[in-house]
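**Q** Got a structure for you, query-v3.txt, holding compact mmCIF, C-alpha atoms.
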```
# COMPACT_ATOMS: atom_id res chain seq x y z
CA MET A 37 6.56 35.93 34.71
CA LYS A 38 10.24 35.70 35.53
CA ARG A 39 12.16 33.11 33.52
CA ARG A 40 13.31 30.13 35.58
CA ARG A 41 13.36 26.36 35.42
CA PHE A 42 9.65 26.03 36.12
CA LEU A 43 9.15 23.21 33.63
CA ALA A 44 11.46 20.75 35.35
CA GLY A 45 12.80 20.09 38.81
CA ALA A 46 15.62 18.30 40.50
CA SER A 47 13.56 15.98 42.67
CA ALA A 48 10.12 14.59 43.29
CA SER A 49 8.20 13.46 46.35
CA LEU A 50 4.83 11.87 46.92
CA GLY A 51 3.76 14.83 49.03
CA LEU A 52 4.55 17.27 46.27
CA SER A 53 1.08 18.58 45.57
CA GLY A 54 -0.03 18.97 49.18
CA TRP A 55 -2.57 16.10 49.15
CA ALA A 56 -2.18 12.60 50.54
CA THR A 57 -2.94 10.88 47.26
CA GLY A 58 -2.68 7.10 47.20
CA SER A 59 -0.95 4.85 44.72
CA TRP A 60 -2.27 3.66 41.39
CA ALA A 61 -2.70 0.24 42.97
CA ALA A 62 -5.21 1.81 45.35
CA ALA A 63 -7.04 3.24 42.34
CA GLY A 64 -7.55 -0.24 40.88
CA ALA A 65 -4.30 -0.25 38.91
CA PRO A 66 -5.72 1.11 35.63
CA ASP A 67 -3.53 0.79 32.58
CA PHE A 68 -5.27 3.66 30.78
CA ILE A 69 -7.23 6.82 31.44
CA THR A 70 -9.80 8.18 28.98
CA ALA A 71 -12.87 10.38 28.78
CA GLY A 72 -16.14 8.58 28.14
CA ASN A 73 -19.74 9.57 27.56
CA ARG A 74 -22.96 7.71 28.27
CA ALA A 75 -26.24 7.64 26.40
CA ASP A 76 -27.76 10.00 29.00
CA LYS A 77 -25.19 12.66 27.89
CA THR A 78 -23.20 12.45 31.14
CA SER A 79 -19.40 12.61 30.89
CA TRP A 80 -16.84 10.69 32.92
CA LEU A 81 -13.15 10.15 33.52
CA VAL A 82 -12.69 6.40 33.15
CA GLY A 83 -9.91 4.11 34.33
CA LEU A 84 -9.47 0.98 32.19
CA THR A 85 -7.34 -2.13 32.50
CA ARG A 86 -5.79 -3.97 29.58
CA ALA A 87 -8.48 -6.63 30.10
CA GLY A 88 -11.27 -4.10 29.53
CA ASP A 89 -12.33 -3.70 33.15
CA VAL A 90 -13.60 -0.29 34.27
CA VAL A 91 -11.87 0.24 37.62
CA PHE A 92 -13.18 3.75 38.21
CA GLN A 93 -15.59 6.21 36.61
CA ILE A 94 -15.62 9.74 37.94
CA ALA A 95 -18.22 12.29 36.83
CA LEU A 96 -17.06 15.38 34.93
CA PRO A 97 -18.92 18.72 34.74
CA SER A 98 -19.33 18.39 30.96
CA ARG A 99 -17.76 16.63 28.02
CA GLY A 100 -14.07 15.89 28.53
CA HIS A 101 -11.32 15.57 25.96
CA ALA A 102 -7.88 14.46 27.18
CA ALA A 103 -6.21 14.04 30.57
CA ALA A 104 -2.79 14.65 32.06
CA ILE A 105 -1.48 12.02 34.47
CA HIS A 106 0.73 12.98 37.38
CA PRO A 107 4.13 11.26 37.04
CA HIS A 108 4.29 10.06 40.66
CA MET A 109 0.82 9.97 42.21
CA ALA A 110 -2.62 8.62 41.37
CA GLN A 111 -3.81 11.98 40.15
CA ALA A 112 -5.25 12.96 36.77
CA VAL A 113 -6.28 16.31 35.37
CA ALA A 114 -9.30 16.01 33.08
CA PHE A 115 -9.72 18.80 30.53
CA ALA A 116 -12.89 20.16 29.01
CA ARG A 117 -13.40 19.90 25.28
CA ARG A 118 -12.53 23.16 23.53
CA PRO A 119 -13.70 25.88 24.22
CA GLY A 120 -14.18 24.77 27.83
CA ARG A 121 -12.90 26.72 30.77
CA PHE A 122 -12.64 23.95 33.36
CA ALA A 123 -10.05 21.33 34.23
CA VAL A 124 -10.59 19.03 37.20
CA VAL A 125 -7.76 17.57 39.30
CA ILE A 126 -8.96 14.20 40.56
CA ASP A 127 -7.63 11.75 43.14
CA CYS A 128 -8.21 8.56 41.19
CA THR A 129 -8.11 6.36 44.31
CA ASP A 130 -11.42 7.66 45.63
CA GLY A 131 -12.80 10.07 43.04
CA ARG A 132 -12.23 13.18 45.14
CA GLU A 133 -11.97 16.46 43.31
CA LEU A 134 -8.75 17.98 44.60
CA ALA A 135 -8.91 21.21 42.66
CA ARG A 136 -10.75 22.83 39.79
CA LEU A 137 -8.78 24.98 37.39
CA THR A 138 -10.54 27.90 35.75
CA THR A 139 -8.90 29.93 33.03
CA PRO A 140 -8.39 33.68 33.57
CA ALA A 141 -10.50 36.20 31.69
CA GLY A 142 -9.83 36.09 27.97
CA ARG A 143 -8.59 32.48 27.99
CA HIS A 144 -10.06 29.03 27.50
CA PHE A 145 -8.54 25.55 27.51
CA TYR A 146 -7.81 23.60 24.35
CA GLY A 147 -8.28 20.15 25.89
CA HIS A 148 -4.70 19.12 26.74
CA GLY A 149 -2.02 19.57 29.35
CA ALA A 150 1.18 17.97 30.63
CA PHE A 151 3.09 17.79 33.90
CA SER A 152 6.73 18.67 34.34
CA ALA A 153 8.99 15.66 34.97
CA ASP A 154 8.94 16.18 38.74
CA GLY A 155 5.17 16.74 38.85
CA LYS A 156 5.54 20.18 40.38
CA HIS A 157 4.04 22.13 37.49
CA LEU A 158 1.20 21.59 35.05
CA LEU A 159 1.19 23.24 31.62
CA THR A 160 -2.12 23.76 29.84
CA THR A 161 -2.75 24.70 26.21
CA GLU A 162 -4.96 27.79 26.05
CA ASN A 163 -6.44 30.36 23.68
CA ASP A 164 -5.85 34.06 24.25
CA TYR A 165 -8.83 34.62 22.00
CA ASP A 166 -9.06 38.40 21.75
CA THR A 167 -5.43 38.89 20.69
CA PRO A 168 -5.52 36.15 19.16
CA ALA A 169 -2.58 34.03 20.31
CA GLY A 170 -1.79 30.71 21.88
CA VAL A 171 -0.46 30.50 25.43
CA LEU A 172 0.58 27.83 27.91
CA GLY A 173 -0.85 28.32 31.37
CA ILE A 174 1.58 27.48 34.20
CA TRP A 175 0.02 25.99 37.35
CA ASP A 176 1.90 25.22 40.58
CA ALA A 177 0.81 21.69 41.52
CA SER A 178 2.75 21.93 44.79
CA ASP A 179 0.57 24.83 45.90
CA GLY A 180 -3.01 23.75 45.19
CA PHE A 181 -2.58 24.26 41.43
CA ARG A 182 -2.21 28.00 41.85
CA ARG A 183 -1.73 29.71 38.50
CA GLU A 184 1.75 31.19 38.25
CA GLY A 185 1.46 32.78 34.83
CA GLU A 186 1.79 31.86 31.19
CA VAL A 187 4.19 31.77 28.25
CA SER A 188 3.65 31.91 24.51
CA SER A 189 2.90 28.63 22.75
CA GLY A 190 4.57 29.97 19.61
CA GLY A 191 1.45 30.10 17.47
CA ILE A 192 -2.33 30.17 17.25
CA GLY A 193 -4.53 27.33 18.46
CA PRO A 194 -2.17 25.25 20.62
CA HIS A 195 -3.79 21.87 21.07
CA ASP A 196 -1.59 18.97 22.18
CA ILE A 197 1.51 19.22 24.37
CA LEU A 198 4.17 16.55 24.89
CA ARG A 199 6.97 16.40 27.44
CA LEU A 200 10.28 15.47 25.84
CA PRO A 201 13.21 13.43 27.20
CA ASP A 202 15.22 16.62 27.83
CA GLU A 203 12.25 17.80 29.97
CA GLY A 204 11.32 20.50 27.50
CA PHE A 205 8.03 20.34 25.61
CA ALA A 206 6.70 20.04 22.07
CA ILE A 207 3.54 22.02 21.23
CA ALA A 208 1.15 21.32 18.36
CA ASN A 209 -0.08 24.76 17.30
CA GLY A 210 -3.03 23.90 15.07
CA GLY A 211 -3.14 27.41 13.56
CA ILE A 212 -6.93 27.80 13.67
CA GLN A 213 -8.31 31.00 15.16
CA THR A 214 -11.47 30.53 17.23
CA HIS A 215 -13.51 32.58 19.68
CA PRO A 216 -15.87 31.21 22.37
CA ASP A 217 -18.59 33.70 21.34
CA MET A 218 -18.70 31.89 18.00
CA GLU A 219 -18.73 28.37 19.50
CA ARG A 220 -16.46 26.13 17.38
CA ALA A 221 -16.36 28.26 14.21
CA LYS A 222 -12.99 28.43 12.42
CA LEU A 223 -12.26 32.07 11.69
CA ASN A 224 -9.04 32.21 9.67
CA LEU A 225 -8.84 29.17 7.39
CA PRO A 226 -7.64 31.08 4.28
CA THR A 227 -4.65 32.50 6.19
CA MET A 228 -4.08 29.92 8.94
CA ARG A 229 -0.52 28.95 9.90
CA THR A 230 0.22 25.74 11.78
CA ASN A 231 3.49 24.71 13.43
CA LEU A 232 5.36 22.49 15.84
CA THR A 233 7.08 24.53 18.55
CA TYR A 234 9.72 23.30 20.98
CA LEU A 235 10.29 24.90 24.40
CA ASN A 236 13.19 24.39 26.78
CA VAL A 237 12.81 24.06 30.56
CA GLU A 238 12.75 27.84 30.91
CA GLY A 239 9.78 28.18 28.58
CA ALA A 240 11.83 29.70 25.74
CA ILE A 241 11.26 28.66 22.13
CA VAL A 242 14.30 26.71 20.90
CA ASP A 243 12.97 25.38 17.60
CA GLN A 244 9.92 25.72 15.39
CA VAL A 245 8.78 24.24 12.09
CA GLU A 246 5.83 25.63 10.14
CA LEU A 247 3.78 24.03 7.38
CA THR A 248 3.70 26.40 4.43
CA GLY A 249 2.56 26.56 0.83
CA ALA A 250 -0.02 23.94 -0.16
CA MET A 251 0.14 22.40 3.33
CA HIS A 252 -0.57 25.56 5.36
CA GLN A 253 -4.14 24.34 6.03
CA ASN A 254 -3.02 20.94 7.32
CA SER A 255 -3.57 21.57 11.02
CA ILE A 256 -1.12 19.85 13.40
CA ARG A 257 -3.29 18.51 16.22
CA HIS A 258 -1.90 15.56 18.19
CA ILE A 259 1.63 14.37 18.76
CA ALA A 260 3.63 11.40 20.04
CA LEU A 261 7.31 10.59 20.42
CA ASP A 262 8.97 7.75 18.51
CA GLY A 263 11.90 5.65 19.66
CA THR A 264 14.46 7.86 17.92
CA GLY A 265 13.30 11.05 19.64
CA ALA A 266 11.36 12.38 16.67
CA VAL A 267 7.85 13.78 17.01
CA VAL A 268 5.07 12.09 15.04
CA ALA A 269 1.98 14.23 14.42
CA ALA A 270 -1.62 13.58 13.39
CA LEU A 271 -3.07 16.28 11.12
CA GLN A 272 -6.54 17.53 10.26
CA TRP A 273 -6.96 19.02 6.80
CA GLN A 274 -8.85 22.34 6.69
CA GLY A 275 -8.65 22.98 2.96
CA ALA A 276 -10.77 21.77 0.03
CA PRO A 277 -12.66 18.69 1.27
CA GLY A 278 -11.99 16.57 -1.81
CA LYS A 279 -8.22 16.94 -1.71
CA ASP A 280 -6.15 13.84 -0.88
CA VAL A 281 -3.38 14.99 1.46
CA PRO A 282 -1.07 13.18 3.91
CA LEU A 283 -2.38 13.35 7.48
CA VAL A 284 0.76 12.22 9.32
CA LEU A 285 4.18 13.79 9.60
CA ARG A 286 7.41 13.12 11.46
CA HIS A 287 9.87 15.76 12.59
CA ARG A 288 13.27 15.79 14.22
CA ARG A 289 14.57 19.08 15.58
CA GLY A 290 16.78 20.87 13.10
CA ASP A 291 15.29 19.06 10.09
CA ASP A 292 12.39 19.71 7.75
CA PRO A 293 9.19 17.80 8.49
CA THR A 294 8.59 14.59 6.55
CA PHE A 295 5.06 13.67 5.49
CA LEU A 296 4.06 10.02 5.70
CA PRO A 297 1.54 9.33 2.91
CA HIS A 298 -0.70 6.26 3.15
CA PRO A 299 -2.83 4.62 0.44
CA ASP A 300 -5.82 4.50 2.80
CA GLN A 301 -5.55 8.05 4.17
CA THR A 302 -8.77 9.11 2.41
CA ARG A 303 -10.68 6.77 4.73
CA LEU A 304 -9.86 9.13 7.60
CA LYS A 305 -12.07 11.76 5.95
CA ASN A 306 -9.42 14.48 6.34
CA TYR A 307 -9.44 13.99 10.13
CA ALA A 308 -6.64 12.16 11.93
CA GLY A 309 -7.59 11.73 15.57
CA SER A 310 -4.96 10.26 17.91
CA VAL A 311 -1.44 9.01 17.23
CA ALA A 312 0.77 6.59 19.15
CA VAL A 313 4.03 4.72 18.60
CA CYS A 314 4.64 1.13 19.71
CA PRO A 315 7.73 1.15 21.99
CA GLN A 316 8.74 -2.39 21.01
CA THR A 317 8.56 -2.13 17.20
CA GLY A 318 8.34 1.57 16.40
CA ASP A 319 5.08 0.98 14.51
CA ILE A 320 2.83 4.06 14.25
CA ALA A 321 -0.97 4.02 14.54
CA VAL A 322 -3.22 6.95 13.63
CA THR A 323 -6.95 6.79 14.32
CA GLY A 324 -9.76 8.29 12.26
CA PRO A 325 -12.94 8.47 14.36
CA LYS A 326 -14.91 10.13 11.53
CA GLY A 327 -13.94 7.40 9.10
CA SER A 328 -13.90 4.51 11.63
CA THR A 329 -10.43 3.62 10.39
CA VAL A 330 -6.93 3.15 11.81
CA ILE A 331 -3.93 3.46 9.51
CA TYR A 332 -0.53 2.00 10.37
CA PHE A 333 3.08 2.68 9.45
CA ASP A 334 6.23 0.72 10.27
CA ALA A 335 9.16 2.24 12.10
CA THR A 336 10.63 3.60 8.88
CA GLY A 337 7.41 5.46 8.06
CA GLN A 338 6.26 3.09 5.33
CA PRO A 339 2.53 2.25 5.17
CA SER A 340 1.66 -0.98 6.97
CA GLY A 341 -2.03 -1.50 6.26
CA SER A 342 -5.22 -0.26 7.86
CA THR A 343 -8.23 -1.67 9.71
CA GLN A 344 -11.86 -0.65 10.14
CA HIS A 345 -13.09 -0.07 13.69
CA GLY A 346 -16.31 1.74 14.57
CA THR A 347 -15.49 5.26 15.80
CA ALA A 348 -11.81 4.40 16.30
CA SER A 349 -10.78 7.09 18.78
CA GLY A 350 -7.86 6.90 21.19
CA VAL A 351 -4.63 4.95 20.82
CA ALA A 352 -1.78 4.38 23.28
CA PRO A 353 1.09 1.98 23.94
CA ALA A 354 -0.15 -1.17 25.69
CA PRO A 355 1.68 -2.39 28.83
CA GLN A 356 1.81 -5.96 27.47
CA GLY A 357 3.37 -4.73 24.22
CA GLY A 358 1.77 -3.41 21.07
CA LEU A 359 -0.91 -0.73 20.96
CA MET A 360 -4.39 -0.33 22.44
CA ILE A 361 -7.22 1.45 20.61
CA THR A 362 -10.63 2.59 21.85
CA ARG A 363 -13.58 1.83 19.59
CA ASP A 364 -17.32 1.19 19.74
CA GLY A 365 -17.91 -1.60 22.23
CA GLY A 366 -14.52 -1.56 23.90
CA LEU A 367 -10.85 -1.84 23.04
CA VAL A 368 -8.66 -3.37 20.35
CA HIS A 369 -5.20 -4.70 21.20
CA ARG A 370 -2.84 -4.77 18.21
CA ALA A 371 0.50 -6.57 18.44
CA ASN A 372 2.64 -7.85 15.56
CA GLY A 373 -0.17 -7.13 13.14
CA VAL A 374 -2.70 -9.24 15.05
CA GLU A 375 -5.76 -7.49 16.51
CA THR A 376 -7.86 -8.70 19.43
CA LEU A 377 -11.19 -7.16 20.39
CA ILE A 378 -11.61 -6.60 24.14
CA PRO A 379 -15.22 -5.80 25.12
CA VAL A 380 -15.90 -3.10 27.72
CA GLU A 381 -19.28 -3.13 29.41
CA GLY A 382 -21.33 0.03 29.88
CA GLY A 383 -22.15 1.26 26.39
CA TRP A 384 -19.41 3.89 26.46
CA ALA A 385 -18.79 6.41 23.70
CA TRP A 386 -15.10 7.28 23.97
CA ASP A 387 -13.60 10.68 23.35
CA ASN A 388 -10.56 11.09 21.11
CA HIS A 389 -7.76 10.10 23.49
CA LEU A 390 -6.47 7.12 25.42
CA ILE A 391 -3.71 7.93 27.91
CA ALA A 392 -1.38 5.16 29.06
CA ARG A 393 -0.74 5.44 32.78
CA GLN A 394 2.97 4.89 32.31
CA SER A 395 3.27 7.29 29.36
CA ARG A 396 5.61 10.27 29.37
```
In structure tokens, how does this file's structure come out?

**A**
Amino acid sequence: MKRRRFLAGASASLGLSGWATGSWAAAGAPDFITAGNRADKTSWLVGLTRAGDVVFQIALPSRGHAAAIHPHMAQAVAFARRPGRFAVVIDCTDGRELARLTTPAGRHFYGHGAFSADGKHLLTTENDYDTPAGVLGIWDASDGFRREGEVSSGGIGPHDILRLPDEGFAIANGGIQTHPDMERAKLNLPTMRTNLTYLNVEGAIVDQVELTGAMHQNSIRHIALDGTGAVVAALQWQGAPGKDVPLVLRHRRGDDPTFLPHPDQTRLKNYAGSVAVCPQTGDIAVTGPKGSTVIYFDATGQPSGSTQHGTASGVAPAPQGGLMITRDGGLVHRANGVETLIPVEGGWAWDNHLIARQSR
């Protein structure tokens, strides 16, 4: 694909994607989007308010993982859990399926995607599993989400993707080789290589930092941006199960990564789920759904306690300040160290991510 500024644009319009999509107010004004599952094994894209109200629930073909929210319209793209091959573009005002994305032969989705700043393009993390290599699929949202092509993600196993203030992107290449014929088996753990890769608006790699030595099996999975412009990452350890390793790092372009150890990190059971940064205080929260624990750091990266919450899953900045966390039975709002449980009716089992509607 010819290099050009396909990751950013000069302007935006509400008619950009070719559908008359309404406003978020018409969709019930959700504060968050998440994937949820019911006891009957059905999967849904769910819109939640800060008060715990479910304002929409839209059926998905199978279990979802994360979602990408259009920057200007009430549209969300729900992604299948890896190694799924579907992503569904949904008008959240009425539940209409606007488009269904299917990966080309030899590719599958990794559960995440992000829009360009103008909403004209969608980037999706994908596995080129026979090579093997990670790629980013490029989809033209202004033309029915037609696939335009792909660029390298800069590593194996790209999982999360984050749009940056300069309109480039950060990619969490988890480093784990998989193949859909082998379900979710991890094929290269002794030799895996994980990295953070930064792309500019032309899709070219402008920076990259790799975890090496004793940390080469500490898979970078999910990422958030702090108030200083640094990337904060949640890690999932793939080495010896009994080893106590840091599961959070922070990185600023041009520097070495800094690990953020925590005295309660073993409670995460080597699996950090989601990560978010409080815009008001800079506090960092990292969930551990396997350990039903959330660990916290202050803005300087120093440990700031932990709490136990059943199947603590997604975390995102809350519109009223602080952070919101999904857990068994509903939500938890944390602000200034004080946590408030917010029940959500319906018996939902949340997937790993909570997406703030006003997030980047």

**Q** Residues at most 9 Å from segment 257-267 of chain A, counting all atoms listed in the file, excluding those fewer than 4 positions away in the same chain, as a ChimeraX atom specification?

**A** /A:194-198,200-201,206-210,271-272,285-289,308-320,335

**Q** Show which residues sit within 10 Å of segment 74-83 of chain A, as a ChimeraX atom specification. Count all atoms listed in the file, and ignore same-chain residues fewer than 4 positions away.

**A** /A:63-70,88-103,112-115,124,126,128,131,382-387,390-391,393

**Q** I need every residue sitting at most 6 Å from the point (-16.7, -3.5, 27.4) (coordinates as in the file, all atoms listed in the file considered), written as a list in words.

**A**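 Protein and nucleic acid residues near the point are Gly88, Gly365, Gly366, Pro379, Val380 and Glu381 of chain A.
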
**Q** Between A:Ala276, A:Ile331, A:Ile174, A:Ile212, which is the closest to Gln344 of chain A once you count all atoms listed in the file?

**A**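 Closest residue, counting all atoms listed in the file: A:Ile331.
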
**Q** Give one line per residue of segment 246-312 of chain A that approaches segment 217-239 of chain A to at most 8 Å, naming the two atoms of the closest pair and their distance in Å to one decimal, counting only C-alpha atoms; sort by chain then ascending residue number and deliver it as a tab-separated table.

**A**
```
residue	atom	partner	partner_atom	distance
A:Glu246	CA	A:Asn231	CA	4.1
A:Leu247	CA	A:Thr230	CA	5.9
A:Thr248	CA	A:Arg229	CA	7.4
A:His252	CA	A:Arg229	CA	5.7
A:Gln253	CA	A:Met228	CA	6.3
A:Asn254	CA	A:Thr230	CA	7.3
A:Ser255	CA	A:Thr230	CA	5.7
A:Ile256	CA	A:Thr230	CA	6.3
A:Gln274	CA	A:Leu225	CA	6.9
A:Gly275	CA	A:Leu225	CA	7.6
```

**Q** Given the choices A:Arg86, A:Ser342, A:Asp300, A:Gly324, which gets closest to Arg363 of chain A if the distance is worked out from all atoms listed in the file?

**A**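 The closest residue to Arg363 of chain A is A:Gly324.
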
**Q** For atom CA of Arg136 of chain A and atom CA of Arg182 of chain A, determine how far apart the two atoms are, in Å to one decimal place.

**A**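 We find that atom CA of Arg136 of chain A and atom CA of Arg182 of chain A lie 10.2 Å from each other.
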
**Q** To one decimal place in Å, what is the distance between atom CA of Arg118 of chain A and atom CA of Ala240 of chain A?

**A**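 About the pair atom CA of Arg118 of chain A and atom CA of Ala240 of chain A: they are 25.3 Å apart.
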
**Q** I want to know what sits within 12 Å of Ser340 of chain A, based on only C-alpha atoms, with residues of the same chain fewer than 6 positions away left out; could you give that as a ChimeraX atom specification?

**A** /A:296-301,318-322,330-334,372-373

**Q** Using all atoms listed in the file, which residues sit within 8 Å of Ala348 of chain A once same-chain residues fewer than 6 positions away are excluded, as an MDAnalysis selection string?

**A** chainID A and resid 323:325 328:330 361:364

**Q** Hey, can you check how far atom CA of Gln244 of chain A sits from atom CA of Gly278 of chain A?

**A**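 Computed distance, atom CA of Gln244 of chain A to atom CA of Gly278 of chain A, equals 29.3 Å.
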
**Q** In terms of the shortest atom-to-atom distance over all atoms listed in the file, which of A:Ala87, A:Ala71, A:Met251, A:Ala352 is closest to Asn388 of chain A?

**A** A:Ala71

**Q** Set the distance at 10 Å and use only C-alpha atoms: which residues neighbour Glu375 of chain A once local chain neighbours fewer than 6 positions away are removed? I'd like the list as number ranges by chain.

**A** A: 343, 358-361, 368-369

**Q** Create the file for the chosen residues now, containing C-alpha atoms and written as a PDB file, keeping the file's coordinate frame.

**A**
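Heads up, here's the output in part_20.pdb:
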```pdb
ATOM      1  CA  THR A 343      -8.230  -1.670   9.710  1.00  0.00           C
ATOM      2  CA  GLY A 358       1.770  -3.410  21.070  1.00  0.00           C
ATOM      3  CA  LEU A 359      -0.910  -0.730  20.960  1.00  0.00           C
ATOM      4  CA  MET A 360      -4.390  -0.330  22.440  1.00  0.00           C
ATOM      5  CA  ILE A 361      -7.220   1.450  20.610  1.00  0.00           C
ATOM      6  CA  VAL A 368      -8.660  -3.370  20.350  1.00  0.00           C
ATOM      7  CA  HIS A 369      -5.200  -4.700  21.200  1.00  0.00           C
TER       8      HIS A 369
END
```

**Q** Hey, which of A:Thr139, A:Thr376, A:Gln356, A:Thr214 ends up closest to Ala123 of chain A? Count all atoms listed in the file.

**A**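 Ranked by minimum distance to Ala123 of chain A, first place goes to A:Thr139.
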
**Q** Complete segment 55-78 of chain A with N, CA and C atoms (output as a PDB file, in the coordinates of the input).

**A**
```pdb
ATOM      1  N   TRP A  55      -1.479  17.009  48.813  1.00  0.00           N
ATOM      2  CA  TRP A  55      -2.570  16.100  49.150  1.00  0.00           C
ATOM      3  C   TRP A  55      -2.009  14.705  49.355  1.00  0.00           C
ATOM      4  N   ALA A  56      -2.600  13.972  50.277  1.00  0.00           N
ATOM      5  CA  ALA A  56      -2.180  12.600  50.540  1.00  0.00           C
ATOM      6  C   ALA A  56      -2.866  11.678  49.528  1.00  0.00           C
ATOM      7  N   THR A  57      -2.362  11.699  48.317  1.00  0.00           N
ATOM      8  CA  THR A  57      -2.940  10.880  47.260  1.00  0.00           C
ATOM      9  C   THR A  57      -2.324   9.496  47.295  1.00  0.00           C
ATOM     10  N   GLY A  58      -3.163   8.465  47.142  1.00  0.00           N
ATOM     11  CA  GLY A  58      -2.680   7.100  47.200  1.00  0.00           C
ATOM     12  C   GLY A  58      -1.996   6.679  45.919  1.00  0.00           C
ATOM     13  N   SER A  59      -1.649   5.394  45.872  1.00  0.00           N
ATOM     14  CA  SER A  59      -0.950   4.850  44.720  1.00  0.00           C
ATOM     15  C   SER A  59      -1.941   4.431  43.639  1.00  0.00           C
ATOM     16  N   TRP A  60      -1.406   4.149  42.453  1.00  0.00           N
ATOM     17  CA  TRP A  60      -2.270   3.660  41.390  1.00  0.00           C
ATOM     18  C   TRP A  60      -2.839   2.295  41.720  1.00  0.00           C
ATOM     19  N   ALA A  61      -2.143   1.522  42.540  1.00  0.00           N
ATOM     20  CA  ALA A  61      -2.700   0.240  42.970  1.00  0.00           C
ATOM     21  C   ALA A  61      -3.988   0.460  43.748  1.00  0.00           C
ATOM     22  N   ALA A  62      -4.003   1.504  44.577  1.00  0.00           N
ATOM     23  CA  ALA A  62      -5.210   1.810  45.350  1.00  0.00           C
ATOM     24  C   ALA A  62      -6.341   2.311  44.472  1.00  0.00           C
ATOM     25  N   ALA A  63      -6.012   2.768  43.266  1.00  0.00           N
ATOM     26  CA  ALA A  63      -7.040   3.240  42.340  1.00  0.00           C
ATOM     27  C   ALA A  63      -7.522   2.122  41.409  1.00  0.00           C
ATOM     28  N   GLY A  64      -7.131   0.885  41.715  1.00  0.00           N
ATOM     29  CA  GLY A  64      -7.550  -0.240  40.880  1.00  0.00           C
ATOM     30  C   GLY A  64      -6.559  -0.599  39.807  1.00  0.00           C
ATOM     31  N   ALA A  65      -5.374   0.029  39.862  1.00  0.00           N
ATOM     32  CA  ALA A  65      -4.300  -0.250  38.910  1.00  0.00           C
ATOM     33  C   ALA A  65      -4.754  -0.160  37.450  1.00  0.00           C
ATOM     34  N   PRO A  66      -5.342   0.972  37.046  1.00  0.00           N
ATOM     35  CA  PRO A  66      -5.720   1.110  35.630  1.00  0.00           C
ATOM     36  C   PRO A  66      -4.478   1.175  34.750  1.00  0.00           C
ATOM     37  N   ASP A  67      -4.610   0.665  33.564  1.00  0.00           N
ATOM     38  CA  ASP A  67      -3.530   0.790  32.580  1.00  0.00           C
ATOM     39  C   ASP A  67      -3.705   2.041  31.725  1.00  0.00           C
ATOM     40  N   PHE A  68      -4.952   2.521  31.646  1.00  0.00           N
ATOM     41  CA  PHE A  68      -5.270   3.660  30.780  1.00  0.00           C
ATOM     42  C   PHE A  68      -6.291   4.566  31.449  1.00  0.00           C
ATOM     43  N   ILE A  69      -6.238   5.833  31.056  1.00  0.00           N
ATOM     44  CA  ILE A  69      -7.230   6.820  31.440  1.00  0.00           C
ATOM     45  C   ILE A  69      -7.835   7.387  30.164  1.00  0.00           C
ATOM     46  N   THR A  70      -9.157   7.591  30.155  1.00  0.00           N
ATOM     47  CA  THR A  70      -9.800   8.180  28.980  1.00  0.00           C
ATOM     48  C   THR A  70     -11.059   8.903  29.412  1.00  0.00           C
ATOM     49  N   ALA A  71     -11.573   9.742  28.549  1.00  0.00           N
ATOM     50  CA  ALA A  71     -12.870  10.380  28.780  1.00  0.00           C
ATOM     51  C   ALA A  71     -13.930   9.562  28.055  1.00  0.00           C
ATOM     52  N   GLY A  72     -15.062   9.350  28.732  1.00  0.00           N
ATOM     53  CA  GLY A  72     -16.140   8.580  28.140  1.00  0.00           C
ATOM     54  C   GLY A  72     -17.484   9.253  28.367  1.00  0.00           C
ATOM     55  N   ASN A  73     -18.396   9.000  27.468  1.00  0.00           N
ATOM     56  CA  ASN A  73     -19.740   9.570  27.560  1.00  0.00           C
ATOM     57  C   ASN A  73     -20.769   8.458  27.516  1.00  0.00           C
ATOM     58  N   ARG A  74     -21.871   8.688  28.238  1.00  0.00           N
ATOM     59  CA  ARG A  74     -22.960   7.710  28.270  1.00  0.00           C
ATOM     60  C   ARG A  74     -24.135   8.199  27.432  1.00  0.00           C
ATOM     61  N   ALA A  75     -25.081   7.297  27.220  1.00  0.00           N
ATOM     62  CA  ALA A  75     -26.240   7.640  26.400  1.00  0.00           C
ATOM     63  C   ALA A  75     -27.071   8.755  27.010  1.00  0.00           C
ATOM     64  N   ASP A  76     -27.002   8.931  28.343  1.00  0.00           N
ATOM     65  CA  ASP A  76     -27.760  10.000  29.000  1.00  0.00           C
ATOM     66  C   ASP A  76     -27.044  11.344  28.933  1.00  0.00           C
ATOM     67  N   LYS A  77     -25.965  11.429  28.132  1.00  0.00           N
ATOM     68  CA  LYS A  77     -25.190  12.660  27.890  1.00  0.00           C
ATOM     69  C   LYS A  77     -24.281  13.037  29.061  1.00  0.00           C
ATOM     70  N   THR A  78     -24.151  12.176  30.064  1.00  0.00           N
ATOM     71  CA  THR A  78     -23.200  12.450  31.140  1.00  0.00           C
ATOM     72  C   THR A  78     -21.791  12.099  30.681  1.00  0.00           C
TER      73      THR A  78
END
```
